[in-house]
Amino acid sequence: MTTQTADHTHIRATNLAAVLGYLRREAPCSRAAIATGTGLNKATVTSIVGDLLDRRLVRETQQTQNHVGRPATLLVLDGSAYATIGLEVSARGLTALGCDTAGEQVLRWHRAGPGVDAGPAKTIAALVTLARRAVTAVQSSGRRVLGITVAVPGLVNRDGTVVLAAGLGWRDVPMRSELVAALGRPDIPIAVDNDASLGALAEHLYGPQAGTPNLIRLTGDTGVGAGIISDGRPLEGHLGYVGEIGHLRLVPDGPHCGCGRRGCLEALASLPAILARTDGRTDSDPQLQLEELVRRADAQETAVTQVLADAGTYLGQGIAALVNILNPEVVLLGGAYALLADHLSPAIDKALREATIAPDAGGCTVVASALPDTATPLGAAAQALTPLTQGHLPAR
């Protein structure tokens with residue numbers, strides 16, 4: 001490819017991404033509105049829209065704008081041709097969620113197990129089974145799968161290797177390469193990423209706090225992780241190891257953590273740590289344990305509310321460290337934390353205000369996520385759509 005051709009391809013992709021982004025925010029809208037909103041000339045917009053119509057990524061509606069002069073046909077995103085799949089691994093089981101290119105959910109499944117003690121081999125086998133079922137369902141709807149992203153609670157490097165997932169007991173698991181080999185679908189790109197980061201992406205794109213430029217989402221269903229949106233972009237870091245707030249040591253002689261150290265936030269305030277202090281059973285379904293925990297907390301059982309107050313204090317100290325460094329506008333409590341927010345929040349808020357240096361916690365508020373169970377797989381499905389949102393059209 002010549003330099004001139006490469007430059008033209010890059011410009012075309014940039015312009016296409018701008019048009020798709022405008023449609024995602026503003027549709028239904030006219031070609032003229034797209035040109036005005038993106039700053040592109042009308043001929044460029046007409047050419048790009050023609051390409052998108054041809055690829056069934058955009059469709060015209062019967063609705064028209066009633067302005068002076070000839071009515072303008074409006075455009076909306078078309079989700080009938082393509083979809084992506086997000087998969088989540090957690091202590092509470094495996095989740096699959098499919099979204100089409102218009103942002104509509106086309107499937108959502110959850111299954112219990114294999115469990116934190118199953119090991120990576122059994123978990124990957126179960127994931128592959130779930131992925132195959134999801135791909136078949138998407139294809140039976142007439143859509144092509146553009147990609148699959150898997151969310152894992154731990155450190156994931158750029159190659160898709162799970163370097164450490166302390167809550168699962170995993171180290172150096174080449175997850176992406178094993179999934180690619182087992183799924184046997186070279187036509188479907190597969191990625192692996194951190195669950196908290198993907199959850200924050202979903203909140204930034206779809207939740208009530210969508211568009212908030214400085215946002216953090218905290219999860220603790222397996223380990224404790226923070227997904228970070230900084231100045232409107234996901235914070236990734238040098239190798240992608242961002243947001244591991246769960247391994248902030250708060251009590252040097254505290255309980256053992258799966259990472260091998262003692263007194264980490266994860267060992268003090270993750271859902272498994274809370275359940276161990278309120279239930280003590282290790283052979284129960286984590287989802288059923290969580291539901292029972294919520295019931296007992298709502299009933300104001302002293303043994304439970306005290307454990308949650310202690311966990312809230314530790315979480316507030318961890319959040320304060322994030323607030324002091326990053327100054328977010330909002331911290332969202334995701335997953336099980338969202339369901340327990342009423343019982344965690346008083347202690348979180350008190351510890352946060354005691355430990356932050358800026359007045360009133362730098363303007364940060366801590367609220368429960370409106371997407372407690374769906375944010376992570378939804379963010380995974382959104383990440384799998386990244387090539388398209390960057391202006392790279394699917395191959396014909």
# chains A, B, ... in the order shown; residues from 1 in each chain; ligands from 1

call {"tool": "select_by_dssp", "arguments": {"residues": "range 176-279 of chain A", "states": "strand (DSSP E)", "output": "PyMOL selection string"}}
result
chain A and resi 190-194+215-219+225-230+233-234

call {"tool": "closest_atom_pairs", "arguments": {"of": "range 285-341 of chain A", "to": "range 92-108 of chain A", "cutoff": "8 Å", "atoms": "only C-alpha atoms", "output": "CSV"}}
result
residue,atom,partner,partner_atom,distance
A:Asp285,CA,A:Arg92,CA,7.6
A:Pro286,CA,A:Arg92,CA,5.3
A:Gln287,CA,A:Arg92,CA,5.6

call {"tool": "residues_around", "arguments": {"residues": "Leu239 in chain A", "least_positions_apart": "5", "cutoff": "10 Å", "atoms": "only C-alpha atoms", "output": "mmCIF file with N, CA and C atoms, in the first residue's frame"}}
result
data_model
loop_
_atom_site.group_PDB
_atom_site.id
_atom_site.type_symbol
_atom_site.label_atom_id
_atom_site.label_comp_id
_atom_site.auth_asym_id
_atom_site.auth_seq_id
_atom_site.Cartn_x
_atom_site.Cartn_y
_atom_site.Cartn_z
ATOM 1 N N LEU A 155 -5.446 -9.338 36.466
ATOM 2 C CA LEU A 155 -4.493 -8.698 35.560
ATOM 3 C C LEU A 155 -4.476 -9.434 34.231
ATOM 4 N N VAL A 156 -4.707 -8.706 33.150
ATOM 5 C CA VAL A 156 -4.706 -9.297 31.806
ATOM 6 C C VAL A 156 -3.737 -8.492 30.952
ATOM 7 N N ASN A 157 -2.764 -9.165 30.334
ATOM 8 C CA ASN A 157 -1.801 -8.421 29.522
ATOM 9 C C ASN A 157 -2.314 -8.227 28.097
ATOM 10 N N ARG A 158 -1.525 -7.556 27.280
ATOM 11 C CA ARG A 158 -1.972 -7.192 25.937
ATOM 12 C C ARG A 158 -2.213 -8.413 25.057
ATOM 13 N N ASP A 159 -1.603 -9.548 25.383
ATOM 14 C CA ASP A 159 -1.776 -10.764 24.589
ATOM 15 C C ASP A 159 -3.000 -11.572 25.019
#

call {"tool": "atom_distance", "arguments": {"atom1": "CA of Ala83 in chain A", "atom2": "CA of Leu393 in chain A"}}
result
13.1 Å

call {"tool": "atom_distance", "arguments": {"atom1": "CA of Thr149 in chain A", "atom2": "CA of Gly86 in chain A"}}
result
5.1 Å

call {"tool": "residues_around", "arguments": {"residues": "range 229-231 of chain A", "least_positions_apart": "5", "cutoff": "6 Å", "atoms": "only C-alpha atoms", "output": "ChimeraX atom specification"}}
result
/A:213-215

call {"tool": "write_last_selection", "arguments": {"atoms": "N, CA, C and O atoms", "output": "PDB file, in the first residue's frame"}}
result
ATOM      1  N   PRO A 213     -16.827  12.527  32.223  1.00  0.00           N
ATOM      2  CA  PRO A 213     -15.424  12.370  31.775  1.00  0.00           C
ATOM      3  C   PRO A 213     -14.506  11.718  32.796  1.00  0.00           C
ATOM      4  O   PRO A 213     -13.483  11.152  32.415  1.00  0.00           O
ATOM      5  N   ASN A 214     -14.851  11.810  34.088  1.00  0.00           N
ATOM      6  CA  ASN A 214     -13.996  11.220  35.120  1.00  0.00           C
ATOM      7  C   ASN A 214     -14.863  10.361  36.035  1.00  0.00           C
ATOM      8  O   ASN A 214     -15.577  10.871  36.905  1.00  0.00           O
ATOM      9  N   LEU A 215     -14.772   9.062  35.811  1.00  0.00           N
ATOM     10  CA  LEU A 215     -15.695   8.102  36.417  1.00  0.00           C
ATOM     11  C   LEU A 215     -14.931   6.858  36.828  1.00  0.00           C
ATOM     12  O   LEU A 215     -14.018   6.413  36.121  1.00  0.00           O
TER      13      LEU A 215
END

call {"tool": "select_by_dssp", "arguments": {"residues": "range 51-275 of chain A", "states": "helix (DSSP H, G or I)", "output": "JSON, numbers by chain"}}
result
{"A": [51, 52, 53, 54, 120, 121, 122, 123, 124, 125, 126, 127, 128, 129, 130, 131, 132, 133, 134, 135, 136, 137, 138, 139, 140, 175, 176, 177, 178, 179, 180, 181, 182, 183, 195, 196, 197, 198, 199, 200, 201, 202, 203, 204, 205, 206, 245, 246, 247, 265, 266, 267, 268, 269, 271, 272, 273, 274, 275]}

call {"tool": "closest_residue", "arguments": {"among": "A:His256, A:Arg111, A:Arg144, A:Arg277", "to": "Thr129 in chain A", "atoms": "only C-alpha atoms"}}
result
A:Arg111

call {"tool": "closest_residue", "arguments": {"among": "A:Val116, A:Ala269, A:Ala375, A:Ala182", "to": "Gly169 in chain A", "atoms": "only C-alpha atoms"}}
result
A:Val116

call {"tool": "closest_residue", "arguments": {"among": "A:Leu250, A:Leu146, A:Ile124, A:Ala81", "to": "Thr389 in chain A", "atoms": "only C-alpha atoms"}}
result
A:Leu146

call {"tool": "atom_distance", "arguments": {"atom1": "CA of Ala311 in chain A", "atom2": "CA of Leu344 in chain A"}}
result
7.2 Å

call {"tool": "decode", "arguments": {"residues": "range 329-342 of chain A", "atoms": "N, CA, C and O atoms", "output": "PDB file, in the first residue's frame"}}
result
ATOM      1  N   GLU A 329     -15.411  12.386  39.327  1.00  0.00           N
ATOM      2  CA  GLU A 329     -16.683  13.032  39.654  1.00  0.00           C
ATOM      3  C   GLU A 329     -17.622  12.074  40.370  1.00  0.00           C
ATOM      4  O   GLU A 329     -18.386  12.469  41.247  1.00  0.00           O
ATOM      5  N   VAL A 330     -17.556  10.801  39.989  1.00  0.00           N
ATOM      6  CA  VAL A 330     -18.445   9.812  40.580  1.00  0.00           C
ATOM      7  C   VAL A 330     -17.735   8.472  40.676  1.00  0.00           C
ATOM      8  O   VAL A 330     -16.934   8.115  39.810  1.00  0.00           O
ATOM      9  N   VAL A 331     -18.000   7.747  41.766  1.00  0.00           N
ATOM     10  CA  VAL A 331     -17.577   6.360  41.912  1.00  0.00           C
ATOM     11  C   VAL A 331     -18.840   5.519  41.996  1.00  0.00           C
ATOM     12  O   VAL A 331     -19.698   5.752  42.847  1.00  0.00           O
ATOM     13  N   LEU A 332     -18.950   4.558  41.095  1.00  0.00           N
ATOM     14  CA  LEU A 332     -20.128   3.700  41.026  1.00  0.00           C
ATOM     15  C   LEU A 332     -19.838   2.371  41.705  1.00  0.00           C
ATOM     16  O   LEU A 332     -18.815   1.739  41.439  1.00  0.00           O
ATOM     17  N   LEU A 333     -20.732   1.950  42.568  1.00  0.00           N
ATOM     18  CA  LEU A 333     -20.626   0.642  43.206  1.00  0.00           C
ATOM     19  C   LEU A 333     -21.335  -0.364  42.321  1.00  0.00           C
ATOM     20  O   LEU A 333     -22.554  -0.305  42.142  1.00  0.00           O
ATOM     21  N   GLY A 334     -20.576  -1.305  41.745  1.00  0.00           N
ATOM     22  CA  GLY A 334     -21.147  -2.252  40.802  1.00  0.00           C
ATOM     23  C   GLY A 334     -21.327  -3.635  41.393  1.00  0.00           C
ATOM     24  O   GLY A 334     -20.870  -3.935  42.498  1.00  0.00           O
ATOM     25  N   GLY A 335     -21.985  -4.505  40.642  1.00  0.00           N
ATOM     26  CA  GLY A 335     -22.167  -5.885  41.046  1.00  0.00           C
ATOM     27  C   GLY A 335     -22.861  -6.002  42.384  1.00  0.00           C
ATOM     28  O   GLY A 335     -23.841  -5.313  42.687  1.00  0.00           O
ATOM     29  N   ALA A 336     -22.354  -6.892  43.247  1.00  0.00           N
ATOM     30  CA  ALA A 336     -22.949  -7.108  44.566  1.00  0.00           C
ATOM     31  C   ALA A 336     -22.928  -5.842  45.407  1.00  0.00           C
ATOM     32  O   ALA A 336     -23.835  -5.613  46.227  1.00  0.00           O
ATOM     33  N   TYR A 337     -21.912  -4.993  45.227  1.00  0.00           N
ATOM     34  CA  TYR A 337     -21.859  -3.756  45.991  1.00  0.00           C
ATOM     35  C   TYR A 337     -23.084  -2.875  45.730  1.00  0.00           C
ATOM     36  O   TYR A 337     -23.555  -2.175  46.627  1.00  0.00           O
ATOM     37  N   ALA A 338     -23.593  -2.894  44.490  1.00  0.00           N
ATOM     38  CA  ALA A 338     -24.787  -2.100  44.180  1.00  0.00           C
ATOM     39  C   ALA A 338     -25.989  -2.615  44.961  1.00  0.00           C
ATOM     40  O   ALA A 338     -26.812  -1.830  45.447  1.00  0.00           O
ATOM     41  N   LEU A 339     -26.104  -3.939  45.099  1.00  0.00           N
ATOM     42  CA  LEU A 339     -27.233  -4.529  45.809  1.00  0.00           C
ATOM     43  C   LEU A 339     -27.128  -4.292  47.315  1.00  0.00           C
ATOM     44  O   LEU A 339     -28.147  -4.311  48.028  1.00  0.00           O
ATOM     45  N   LEU A 340     -25.919  -4.074  47.797  1.00  0.00           N
ATOM     46  CA  LEU A 340     -25.684  -3.852  49.228  1.00  0.00           C
ATOM     47  C   LEU A 340     -25.393  -2.384  49.551  1.00  0.00           C
ATOM     48  O   LEU A 340     -25.005  -2.059  50.670  1.00  0.00           O
ATOM     49  N   ALA A 341     -25.604  -1.509  48.579  1.00  0.00           N
ATOM     50  CA  ALA A 341     -25.179  -0.111  48.703  1.00  0.00           C
ATOM     51  C   ALA A 341     -25.783   0.587  49.914  1.00  0.00           C
ATOM     52  O   ALA A 341     -25.109   1.374  50.596  1.00  0.00           O
ATOM     53  N   ASP A 342     -27.054   0.332  50.202  1.00  0.00           N
ATOM     54  CA  ASP A 342     -27.690   1.004  51.344  1.00  0.00           C
ATOM     55  C   ASP A 342     -26.981   0.687  52.654  1.00  0.00           C
ATOM     56  O   ASP A 342     -26.982   1.510  53.577  1.00  0.00           O
TER      57      ASP A 342
END
